[in-house]
$ cat target29.cif   # mmCIF, C-alpha atoms and all ligand atoms
data_input
loop_
_atom_site.group_PDB
_atom_site.id
_atom_site.type_symbol
_atom_site.label_atom_id
_atom_site.label_comp_id
_atom_site.auth_asym_id
_atom_site.auth_seq_id
_atom_site.Cartn_x
_atom_site.Cartn_y
_atom_site.Cartn_z
ATOM 1 C CA MET A 145 169.923 168.690 222.585
ATOM 2 C CA THR A 146 167.779 168.977 219.494
ATOM 3 C CA LEU A 147 169.082 167.603 216.211
ATOM 4 C CA THR A 148 168.019 169.473 213.110
ATOM 5 C CA ILE A 149 168.159 168.176 209.554
ATOM 6 C CA ALA A 150 167.960 170.902 206.898
ATOM 7 C CA ILE A 151 166.717 169.936 203.443
ATOM 8 C CA ASP A 152 166.787 172.478 200.637
ATOM 9 C CA GLY A 153 166.312 172.360 196.908
ATOM 10 C CA PRO A 154 164.251 173.639 193.981
ATOM 11 C CA ALA A 155 160.520 173.098 193.423
ATOM 12 C CA ALA A 156 159.448 169.523 192.622
ATOM 13 C CA ALA A 157 162.845 167.982 193.451
ATOM 14 C CA GLY A 158 161.197 165.461 195.767
ATOM 15 C CA LYS A 159 162.152 167.215 199.025
ATOM 16 C CA GLY A 160 158.683 166.857 200.523
ATOM 17 C CA THR A 161 158.379 163.084 200.236
ATOM 18 C CA LEU A 162 161.992 162.622 201.279
ATOM 19 C CA SER A 163 161.638 164.926 204.305
ATOM 20 C CA ARG A 164 158.512 163.153 205.523
ATOM 21 C CA GLN A 165 160.222 159.766 205.201
ATOM 22 C CA ILE A 166 163.328 161.011 207.040
ATOM 23 C CA ALA A 167 161.262 162.545 209.846
ATOM 24 C CA GLU A 168 159.422 159.245 210.274
ATOM 25 C CA GLU A 169 162.643 157.212 210.196
ATOM 26 C CA TYR A 170 164.295 159.256 212.954
ATOM 27 C CA GLY A 171 161.134 160.080 214.937
ATOM 28 C CA PHE A 172 161.576 163.811 214.342
ATOM 29 C CA HIS A 173 159.041 166.616 213.824
ATOM 30 C CA HIS A 174 158.721 167.805 210.223
ATOM 31 C CA LEU A 175 157.997 171.264 208.837
ATOM 32 C CA ASP A 176 157.546 171.939 205.131
ATOM 33 C CA THR A 177 158.445 175.643 205.231
ATOM 34 C CA GLY A 178 157.000 176.188 201.748
ATOM 35 C CA LEU A 179 153.591 175.761 203.380
ATOM 36 C CA THR A 180 154.221 178.819 205.566
ATOM 37 C CA TYR A 181 154.746 180.948 202.424
ATOM 38 C CA ARG A 182 151.731 179.290 200.808
ATOM 39 C CA ALA A 183 149.507 179.912 203.868
ATOM 40 C CA THR A 184 150.495 183.595 203.859
ATOM 41 C CA ALA A 185 149.721 183.844 200.137
ATOM 42 C CA LYS A 186 146.379 182.053 200.534
ATOM 43 C CA ALA A 187 145.329 184.391 203.353
ATOM 44 C CA LEU A 188 146.014 187.367 201.057
ATOM 45 C CA LEU A 189 144.184 185.792 198.114
ATOM 46 C CA ASP A 190 141.180 184.835 200.282
ATOM 47 C CA ALA A 191 140.940 188.360 201.690
ATOM 48 C CA GLY A 192 141.211 189.874 198.201
ATOM 49 C CA LEU A 193 144.348 191.745 199.261
ATOM 50 C CA PRO A 194 147.191 192.676 196.882
ATOM 51 C CA LEU A 195 150.287 190.472 196.592
ATOM 52 C CA ASP A 196 152.638 193.423 196.230
ATOM 53 C CA ASP A 197 152.101 195.284 199.512
ATOM 54 C CA GLU A 198 154.890 194.221 201.869
ATOM 55 C CA ALA A 199 153.336 195.618 205.072
ATOM 56 C CA VAL A 200 150.021 193.849 204.427
ATOM 57 C CA ALA A 201 151.796 190.587 203.548
ATOM 58 C CA GLU A 202 153.937 190.842 206.690
ATOM 59 C CA ARG A 203 150.801 191.164 208.832
ATOM 60 C CA MET A 204 149.422 187.964 207.274
ATOM 61 C CA ALA A 205 152.766 186.191 207.764
ATOM 62 C CA LEU A 206 152.778 187.055 211.476
ATOM 63 C CA GLU A 207 149.392 185.344 211.858
ATOM 64 C CA VAL A 208 150.334 182.029 210.222
ATOM 65 C CA GLU A 209 149.769 179.103 212.604
ATOM 66 C CA LEU A 210 152.265 176.300 211.972
ATOM 67 C CA SER A 211 149.894 173.733 213.476
ATOM 68 C CA GLY A 212 147.165 174.502 210.942
ATOM 69 C CA LEU A 213 149.110 173.991 207.706
ATOM 70 C CA ASP A 214 147.330 171.606 205.349
ATOM 71 C CA ARG A 215 149.162 170.639 202.150
ATOM 72 C CA SER A 216 146.009 169.338 200.443
ATOM 73 C CA ILE A 217 144.476 172.816 200.681
ATOM 74 C CA LEU A 218 147.688 174.768 200.038
ATOM 75 C CA SER A 219 149.038 172.763 197.090
ATOM 76 C CA ALA A 220 146.960 174.608 194.433
ATOM 77 C CA HIS A 221 149.038 175.988 191.579
ATOM 78 C CA ALA A 222 147.796 179.577 192.005
ATOM 79 C CA ILE A 223 148.801 179.521 195.675
ATOM 80 C CA GLY A 224 152.321 178.317 194.766
ATOM 81 C CA GLU A 225 152.680 181.135 192.249
ATOM 82 C CA ALA A 226 151.487 183.729 194.772
ATOM 83 C CA ALA A 227 153.779 182.239 197.455
ATOM 84 C CA SER A 228 156.778 182.586 195.187
ATOM 85 C CA LYS A 229 155.936 186.290 194.718
ATOM 86 C CA ILE A 230 155.551 187.196 198.388
ATOM 87 C CA ALA A 231 158.635 185.104 199.274
ATOM 88 C CA VAL A 232 160.827 187.873 197.810
ATOM 89 C CA MET A 233 159.709 190.302 200.576
ATOM 90 C CA PRO A 234 162.211 190.651 203.453
ATOM 91 C CA ALA A 235 159.528 191.488 206.048
ATOM 92 C CA VAL A 236 157.551 188.359 205.139
ATOM 93 C CA ARG A 237 160.685 186.219 205.304
ATOM 94 C CA ARG A 238 161.676 187.677 208.702
ATOM 95 C CA ALA A 239 158.272 186.844 210.196
ATOM 96 C CA LEU A 240 158.167 183.300 208.805
ATOM 97 C CA VAL A 241 161.828 182.523 209.537
ATOM 98 C CA GLU A 242 161.284 183.400 213.188
ATOM 99 C CA ALA A 243 158.392 180.923 213.449
ATOM 100 C CA GLN A 244 160.413 178.276 211.556
ATOM 101 C CA ARG A 245 163.413 178.706 213.897
ATOM 102 C CA ALA A 246 161.189 178.261 216.940
ATOM 103 C CA PHE A 247 159.839 175.037 215.395
ATOM 104 C CA SER A 248 163.362 173.761 214.657
ATOM 105 C CA LYS A 249 164.130 173.650 218.399
ATOM 106 C CA LYS A 250 161.499 170.973 219.191
ATOM 107 C CA GLU A 251 162.805 167.871 220.948
ATOM 108 C CA PRO A 252 164.083 165.315 220.102
ATOM 109 C CA GLY A 253 164.770 166.582 216.605
ATOM 110 C CA THR A 254 163.370 168.276 213.540
ATOM 111 C CA VAL A 255 163.445 168.067 209.766
ATOM 112 C CA LEU A 256 162.795 171.346 207.959
ATOM 113 C CA ASP A 257 162.587 171.543 204.193
ATOM 114 C CA GLY A 258 162.558 174.613 201.991
ATOM 115 C CA ARG A 259 164.920 176.884 200.098
ATOM 116 C CA ASP A 260 166.989 178.639 202.788
ATOM 117 C CA ILE A 261 167.033 176.220 205.729
ATOM 118 C CA GLY A 262 170.750 175.382 205.624
ATOM 119 C CA THR A 263 171.804 178.918 204.694
ATOM 120 C CA VAL A 264 169.514 181.153 206.801
ATOM 121 C CA VAL A 265 166.924 179.444 209.013
ATOM 122 C CA CYS A 266 169.131 176.767 210.636
ATOM 123 C CA PRO A 267 172.757 177.479 209.698
ATOM 124 C CA ASP A 268 173.864 175.234 212.602
ATOM 125 C CA ALA A 269 171.786 172.223 211.495
ATOM 126 C CA ALA A 270 173.473 168.889 212.274
ATOM 127 C CA VAL A 271 173.008 167.708 208.685
ATOM 128 C CA LYS A 272 172.261 169.678 205.525
ATOM 129 C CA LEU A 273 171.054 168.112 202.297
ATOM 130 C CA TYR A 274 170.586 169.917 198.995
ATOM 131 C CA VAL A 275 168.182 167.806 196.969
ATOM 132 C CA THR A 276 167.955 168.517 193.283
ATOM 133 C CA ALA A 277 167.025 166.996 189.910
ATOM 134 C CA SER A 278 167.149 168.321 186.372
ATOM 135 C CA PRO A 279 164.295 170.692 185.367
ATOM 136 C CA GLU A 280 163.146 168.087 182.795
ATOM 137 C CA VAL A 281 162.876 165.362 185.430
ATOM 138 C CA ARG A 282 161.132 167.651 187.911
ATOM 139 C CA ALA A 283 158.601 168.748 185.281
ATOM 140 C CA LYS A 284 157.992 165.119 184.298
ATOM 141 C CA ARG A 285 157.402 164.128 187.942
ATOM 142 C CA ARG A 286 154.886 166.930 188.405
ATOM 143 C CA PHE A 287 153.217 165.984 185.100
ATOM 144 C CA ASP A 288 152.935 162.313 186.193
ATOM 145 C CA GLU A 289 151.541 163.356 189.575
ATOM 146 C CA ILE A 290 148.780 165.476 188.001
ATOM 147 C CA VAL A 291 147.896 162.824 185.419
ATOM 148 C CA GLY A 292 148.033 160.190 188.170
ATOM 149 C CA ASN A 293 145.373 162.176 190.020
ATOM 150 C CA GLY A 294 143.134 161.916 186.961
ATOM 151 C CA ALA A 295 143.574 165.504 185.770
ATOM 152 C CA VAL A 296 144.787 166.860 182.438
ATOM 153 C CA ALA A 297 148.329 168.252 182.301
ATOM 154 C CA ASP A 298 150.434 170.109 179.748
ATOM 155 C CA TYR A 299 154.117 169.106 179.992
ATOM 156 C CA ALA A 300 155.418 172.190 178.131
ATOM 157 C CA ALA A 301 153.509 174.542 180.457
ATOM 158 C CA ILE A 302 154.728 172.664 183.536
ATOM 159 C CA PHE A 303 158.339 172.750 182.307
ATOM 160 C CA ASP A 304 158.040 176.476 181.687
ATOM 161 C CA ASP A 305 156.649 176.914 185.166
ATOM 162 C CA VAL A 306 159.469 174.933 186.808
ATOM 163 C CA LYS A 307 162.044 177.131 185.037
ATOM 164 C CA LYS A 308 160.267 180.344 186.056
ATOM 165 C CA ARG A 309 159.957 179.202 189.686
ATOM 166 C CA ASP A 310 163.704 178.373 189.708
ATOM 167 C CA GLU A 311 164.585 181.801 188.360
ATOM 168 C CA ARG A 312 162.471 183.514 190.994
ATOM 169 C CA ASP A 313 163.738 181.346 193.884
ATOM 170 C CA MET A 314 167.413 181.533 192.866
ATOM 171 C CA GLY A 315 167.387 185.117 191.653
ATOM 172 C CA ARG A 316 165.856 186.955 194.601
ATOM 173 C CA ALA A 317 168.083 189.239 196.669
ATOM 174 C CA ASP A 318 166.930 188.032 200.103
ATOM 175 C CA SER A 319 167.878 184.401 200.905
ATOM 176 C CA PRO A 320 168.117 183.048 197.348
ATOM 177 C CA LEU A 321 167.998 179.294 196.849
ATOM 178 C CA ARG A 322 171.544 177.920 196.937
ATOM 179 C CA PRO A 323 173.307 175.024 198.637
ATOM 180 C CA ALA A 324 174.959 175.881 201.968
ATOM 181 C CA ASP A 325 178.749 175.488 201.798
ATOM 182 C CA ASP A 326 178.519 172.444 204.074
ATOM 183 C CA ALA A 327 175.471 170.834 202.396
ATOM 184 C CA HIS A 328 175.600 167.323 200.927
ATOM 185 C CA LEU A 329 174.342 167.376 197.348
ATOM 186 C CA LEU A 330 171.810 164.735 196.350
ATOM 187 C CA ASP A 331 170.827 164.666 192.672
ATOM 188 C CA THR A 332 167.734 162.459 192.394
ATOM 189 C CA SER A 333 167.353 162.759 188.586
ATOM 190 C CA GLU A 334 168.184 159.080 188.093
ATOM 191 C CA MET A 335 166.868 157.778 191.421
ATOM 192 C CA SER A 336 163.632 156.181 192.565
ATOM 193 C CA ILE A 337 162.019 157.546 195.746
ATOM 194 C CA GLU A 338 163.344 154.549 197.701
ATOM 195 C CA ALA A 339 166.887 154.981 196.312
ATOM 196 C CA ALA A 340 166.818 158.694 197.181
ATOM 197 C CA PHE A 341 165.681 157.855 200.711
ATOM 198 C CA GLN A 342 168.471 155.291 201.168
ATOM 199 C CA ALA A 343 171.072 157.743 199.820
ATOM 200 C CA ALA A 344 169.794 160.472 202.151
ATOM 201 C CA LYS A 345 169.785 158.082 205.117
ATOM 202 C CA SER A 346 173.413 157.075 204.449
ATOM 203 C CA LEU A 347 174.473 160.733 204.307
ATOM 204 C CA ILE A 348 172.556 161.555 207.496
ATOM 205 C CA ASP A 349 173.853 158.523 209.425
ATOM 206 C CA ALA A 350 177.438 159.288 208.406
ATOM 207 C CA ALA A 351 177.060 162.940 209.408
ATOM 208 C CA LEU A 352 175.394 162.081 212.726
ATOM 209 C CA ILE A 353 178.118 159.566 213.646
ATOM 210 C CA LYS A 354 180.724 162.304 213.169
ATOM 211 C CA LYS A 355 178.725 164.628 215.482
ATOM 212 C CA ILE A 356 178.409 162.132 218.339
HETATM 213 O O1 LIG B 401 158.219 174.395 198.156
HETATM 214 P P1 LIG B 401 156.939 175.155 197.746
HETATM 215 O O2 LIG B 401 156.607 175.033 196.291
HETATM 216 O O3 LIG B 401 155.787 174.787 198.624
HETATM 217 O O4 LIG B 401 157.275 176.692 198.022
HETATM 218 C C1 LIG B 401 156.421 177.727 197.632
HETATM 219 C C2 LIG B 401 157.219 179.021 197.458
HETATM 220 O O5 LIG B 401 157.664 179.446 198.753
HETATM 221 C C3 LIG B 401 158.492 178.872 196.609
HETATM 222 O O6 LIG B 401 158.339 179.354 195.306
HETATM 223 C C4 LIG B 401 159.505 179.711 197.307
HETATM 224 C C5 LIG B 401 158.986 179.946 198.671
HETATM 225 N N1 LIG B 401 159.812 179.365 199.735
HETATM 226 C C6 LIG B 401 160.874 180.120 200.185
HETATM 227 O O7 LIG B 401 161.128 181.187 199.650
HETATM 228 N N2 LIG B 401 161.615 179.692 201.239
HETATM 229 C C7 LIG B 401 161.362 178.515 201.817
HETATM 230 N N3 LIG B 401 162.113 178.118 202.861
HETATM 231 C C8 LIG B 401 160.297 177.702 201.340
HETATM 232 C C9 LIG B 401 159.551 178.159 200.278
#
$ encode --input "target29.cif" --output "structure tokens" --more "lines below"
Ligand code: DC
Amino acid sequence: MTLTIAIDGPAAAGKGTLSRQIAEEYGFHHLDTGLTYRATAKALLDAGLPLDDEAVAERMALEVELSGLDRSILSAHAIGEAASKIAVMPAVRRALVEAQRAFSKKEPGTVLDGRDIGTVVCPDAAVKLYVTASPEVRAKRRFDEIVGNGAVADYAAIFDDVKKRDERDMGRADSPLRPADDAHLLDTSEMSIEAAFQAAKSLIDAALIKKI
């Protein structure tokens, strides 16, 4: 039996780092589903195709290879913006969700992170976490990350961007970002990465013990 851990939450809440650490801890496969939306968006941008044609975007989504997703290439700001736009299209979501579901069945277990894992992609996941932090904290983390990489960052612009991304992710009609009814909420606003990992591990261990 495969065990799936679903991790959802808004942009820059720390889901990525947490999911990678959890996957390593339990020896599970990890999929950052945001990368599937980003890869679709990048394929459209690279081909000079429009971001508002659902049939064209669906064709690109059907060609996304989960094994070839590279965060260092896909993390660019413009790709994230484009991904958020095509993520509102039901045909794109259908194509990517099918690939994500197939991934979630890998043995011995999987960790998927995104926006709709606990609600749509893996509603039967063994454990669901909804990881969040205040918009101010998320913007500050992104700001620190950019500055830490030696680049120049504008906090006000980043904060504005975080708010806009939230509105788009939470406001869309198809699979909006929201905690599943049975998700455990984890607010990392006041937590270090290590503290968030320990809190997540306690929630997961407690939930897994109940399942066994
Ligand atoms: O987590 P991220 O920034 O890499 O995600 C990029 C965009 O993809 C985000 O704005 C919303 C979308 N997304 C989604 O709609 N559903 C998911 N499961 C993951 C990401």
$ resolve_selection --input "target29.cif" --expression "the PyMOL selection byres (((not hetatm)) within 7 of (chain B and resi 401))" --output "PyMOL selection string"
chain A and resi 155+177-179+181-182+224-225+227-228+231-232+257-261+309+313
$ write_last_selection --input "target29.cif" --atoms "C-alpha atoms" --output "PDB file, in the coordinates of the input"
ATOM      1  CA  ALA A 155     160.520 173.098 193.423  1.00  0.00           C
ATOM      2  CA  THR A 177     158.445 175.643 205.231  1.00  0.00           C
ATOM      3  CA  GLY A 178     157.000 176.188 201.748  1.00  0.00           C
ATOM      4  CA  LEU A 179     153.591 175.761 203.380  1.00  0.00           C
ATOM      5  CA  TYR A 181     154.746 180.948 202.424  1.00  0.00           C
ATOM      6  CA  ARG A 182     151.731 179.290 200.808  1.00  0.00           C
ATOM      7  CA  GLY A 224     152.321 178.317 194.766  1.00  0.00           C
ATOM      8  CA  GLU A 225     152.680 181.135 192.249  1.00  0.00           C
ATOM      9  CA  ALA A 227     153.779 182.239 197.455  1.00  0.00           C
ATOM     10  CA  SER A 228     156.778 182.586 195.187  1.00  0.00           C
ATOM     11  CA  ALA A 231     158.635 185.104 199.274  1.00  0.00           C
ATOM     12  CA  VAL A 232     160.827 187.873 197.810  1.00  0.00           C
ATOM     13  CA  ASP A 257     162.587 171.543 204.193  1.00  0.00           C
ATOM     14  CA  GLY A 258     162.558 174.613 201.991  1.00  0.00           C
ATOM     15  CA  ARG A 259     164.920 176.884 200.098  1.00  0.00           C
ATOM     16  CA  ASP A 260     166.989 178.639 202.788  1.00  0.00           C
ATOM     17  CA  ILE A 261     167.033 176.220 205.729  1.00  0.00           C
ATOM     18  CA  ARG A 309     159.957 179.202 189.686  1.00  0.00           C
ATOM     19  CA  ASP A 313     163.738 181.346 193.884  1.00  0.00           C
TER      20      ASP A 313
END
$ axis_aligned_box --input "target29.cif" --around "region 178-181 of chain A" --padding-each-side "8 Å" --output "AutoDock Vina command-line options"
--center_x 155.3 --center_y 178.4 --center_z 203.7 --size_x 19.4 --size_y 21.2 --size_z 19.8
$ closest_residue --input "target29.cif" --among "A:Gly292, A:Pro323, A:Gly212, A:Gly192" --to "Thr276 (chain A)" --atoms "all atoms listed in the file"
A:Pro323
$ residues_around --input "target29.cif" --residues "Phe287 (chain A)" --least-positions-apart "5" --cutoff "8 Å" --atoms "all atoms listed in the file" --output "PDB file with C-alpha atoms, keeping the file's coordinate frame"
ATOM      1  CA  ALA A 297     148.329 168.252 182.301  1.00  0.00           C
ATOM      2  CA  ASP A 298     150.434 170.109 179.748  1.00  0.00           C
ATOM      3  CA  TYR A 299     154.117 169.106 179.992  1.00  0.00           C
ATOM      4  CA  ILE A 302     154.728 172.664 183.536  1.00  0.00           C
TER       5      ILE A 302
END
$ residues_around --input "target29.cif" --residues "Pro252 (chain A)" --least-positions-apart "3" --cutoff "7 Å" --atoms "only C-alpha atoms" --output "JSON, numbers by chain"
{"A": [146, 147, 172]}
$ closest_residue --input "target29.cif" --among "A:Ala283, A:Leu329, A:Leu162, A:Leu175" --to "Thr254 (chain A)" --atoms "all atoms listed in the file"
A:Leu175
$ atom_distance --input "target29.cif" --atom1 "CA of Glu168 (chain A)" --atom2 "CA of Ala339 (chain A)"
16.4 Å
$ closest_residue --input "target29.cif" --among "A:Lys159, A:Arg282, A:Arg164, A:Lys250" --to "Met145 (chain A)" --atoms "only C-alpha atoms"
A:Lys250
$ closest_residue --input "target29.cif" --among "A:His174, A:Lys272, A:Leu206, A:Glu242" --to "Ala187 (chain A)" --atoms "only C-alpha atoms"
A:Leu206
$ closest_residue --input "target29.cif" --among "A:Met314, A:Ala246, A:Ala199, A:Val255" --to "Ile151 (chain A)" --atoms "only C-alpha atoms"
A:Val255
$ resolve_selection --input "target29.cif" --expression "the PyMOL selection byres (((chain A and resi 284) around 12) and not hetatm)" --output "PyMOL selection string"
chain A and resi 156-158+277-283+285-292+297-306+333
$ resolve_selection --input "target29.cif" --expression "the PyMOL selection byres (((chain A and resi 262-269) around 6) and not hetatm)" --output "mmCIF file with C-alpha atoms, in the frame of the given file"
data_model
loop_
_atom_site.group_PDB
_atom_site.id
_atom_site.type_symbol
_atom_site.label_atom_id
_atom_site.label_comp_id
_atom_site.auth_asym_id
_atom_site.auth_seq_id
_atom_site.Cartn_x
_atom_site.Cartn_y
_atom_site.Cartn_z
ATOM 1 C CA THR A 148 168.019 169.473 213.110
ATOM 2 C CA ILE A 149 168.159 168.176 209.554
ATOM 3 C CA ALA A 150 167.960 170.902 206.898
ATOM 4 C CA VAL A 241 161.828 182.523 209.537
ATOM 5 C CA ASP A 260 166.989 178.639 202.788
ATOM 6 C CA ILE A 261 167.033 176.220 205.729
ATOM 7 C CA ALA A 270 173.473 168.889 212.274
ATOM 8 C CA VAL A 271 173.008 167.708 208.685
ATOM 9 C CA LYS A 272 172.261 169.678 205.525
ATOM 10 C CA ALA A 324 174.959 175.881 201.968
#
$ closest_atom_pairs --input "target29.cif" --of "region 246-318 of chain A" --to "region 233-237 of chain A" --cutoff "10 Å" --atoms "all atoms listed in the file" --output "CSV"
residue,atom,partner,partner_atom,distance
A:Val265,CA,A:Arg237,CA,9.9
A:Arg316,CA,A:Met233,CA,9.2
A:Ala317,CA,A:Pro234,CA,9.1
A:Asp318,CA,A:Pro234,CA,6.4
$ atom_distance --input "target29.cif" --atom1 "CA of Arg203 (chain A)" --atom2 "CA of Leu240 (chain A)"
10.8 Å
$ atom_distance --input "target29.cif" --atom1 "CA of Ser163 (chain A)" --atom2 "CA of Ala343 (chain A)"
12.7 Å
$ closest_residue --input "target29.cif" --among "A:Ser211, A:Ser346, A:Thr184, A:Ser336" --to "Glu198 (chain A)" --atoms "only C-alpha atoms"
A:Thr184
$ build_atoms --input "target29.cif" --residues "region 248-263 of chain A" --atoms "N, CA, C and O atoms" --output "mmCIF file, keeping the file's coordinate frame"
data_model
loop_
_atom_site.group_PDB
_atom_site.id
_atom_site.type_symbol
_atom_site.label_atom_id
_atom_site.label_comp_id
_atom_site.auth_asym_id
_atom_site.auth_seq_id
_atom_site.Cartn_x
_atom_site.Cartn_y
_atom_site.Cartn_z
ATOM 1 N N SER A 248 162.168 174.616 214.826
ATOM 2 C CA SER A 248 163.362 173.761 214.657
ATOM 3 C C SER A 248 163.954 173.320 215.995
ATOM 4 O O SER A 248 164.733 172.381 216.049
ATOM 5 N N LYS A 249 163.555 173.972 217.079
ATOM 6 C CA LYS A 249 164.130 173.650 218.399
ATOM 7 C C LYS A 249 163.365 172.547 219.130
ATOM 8 O O LYS A 249 163.728 172.152 220.237
ATOM 9 N N LYS A 250 162.293 172.019 218.522
ATOM 10 C CA LYS A 250 161.499 170.973 219.191
ATOM 11 C C LYS A 250 162.344 169.734 219.455
ATOM 12 O O LYS A 250 163.132 169.321 218.590
ATOM 13 N N GLU A 251 162.116 169.116 220.597
ATOM 14 C CA GLU A 251 162.805 167.871 220.948
ATOM 15 C C GLU A 251 162.028 166.680 220.371
ATOM 16 O O GLU A 251 160.808 166.761 220.284
ATOM 17 N N PRO A 252 162.640 165.562 220.023
ATOM 18 C CA PRO A 252 164.083 165.315 220.102
ATOM 19 C C PRO A 252 164.834 165.790 218.867
ATOM 20 O O PRO A 252 166.053 165.871 218.888
ATOM 21 N N GLY A 253 164.094 166.129 217.818
ATOM 22 C CA GLY A 253 164.770 166.582 216.605
ATOM 23 C C GLY A 253 163.765 167.049 215.580
ATOM 24 O O GLY A 253 162.555 166.828 215.719
ATOM 25 N N THR A 254 164.262 167.720 214.548
ATOM 26 C CA THR A 254 163.370 168.276 213.540
ATOM 27 C C THR A 254 163.965 168.123 212.142
ATOM 28 O O THR A 254 165.187 168.087 211.972
ATOM 29 N N VAL A 255 163.069 168.044 211.178
ATOM 30 C CA VAL A 255 163.445 168.067 209.766
ATOM 31 C C VAL A 255 162.709 169.252 209.168
ATOM 32 O O VAL A 255 161.483 169.327 209.250
ATOM 33 N N LEU A 256 163.436 170.213 208.622
ATOM 34 C CA LEU A 256 162.795 171.346 207.959
ATOM 35 C C LEU A 256 163.187 171.310 206.495
ATOM 36 O O LEU A 256 164.374 171.109 206.176
ATOM 37 N N ASP A 257 162.224 171.473 205.608
ATOM 38 C CA ASP A 257 162.587 171.543 204.193
ATOM 39 C C ASP A 257 162.098 172.842 203.580
ATOM 40 O O ASP A 257 161.093 173.413 204.003
ATOM 41 N N GLY A 258 162.895 173.340 202.628
ATOM 42 C CA GLY A 258 162.558 174.613 201.991
ATOM 43 C C GLY A 258 163.623 175.039 201.008
ATOM 44 O O GLY A 258 164.137 174.230 200.230
ATOM 45 N N ARG A 259 163.937 176.345 201.038
ATOM 46 C CA ARG A 259 164.920 176.884 200.098
ATOM 47 C C ARG A 259 166.148 177.463 200.807
ATOM 48 O O ARG A 259 167.216 177.562 200.236
ATOM 49 N N ASP A 260 165.935 177.899 202.069
ATOM 50 C CA ASP A 260 166.989 178.639 202.788
ATOM 51 C C ASP A 260 167.224 178.073 204.186
ATOM 52 O O ASP A 260 167.643 178.788 205.074
ATOM 53 N N ILE A 261 166.928 176.798 204.373
ATOM 54 C CA ILE A 261 167.033 176.220 205.729
ATOM 55 C C ILE A 261 168.504 176.135 206.145
ATOM 56 O O ILE A 261 168.889 176.603 207.216
ATOM 57 N N GLY A 262 169.333 175.548 205.274
ATOM 58 C CA GLY A 262 170.750 175.382 205.624
ATOM 59 C C GLY A 262 171.529 176.691 205.602
ATOM 60 O O GLY A 262 172.534 176.839 206.295
ATOM 61 N N THR A 263 171.063 177.655 204.825
ATOM 62 C CA THR A 263 171.804 178.918 204.694
ATOM 63 C C THR A 263 171.352 179.979 205.694
ATOM 64 O O THR A 263 172.166 180.746 206.186
#
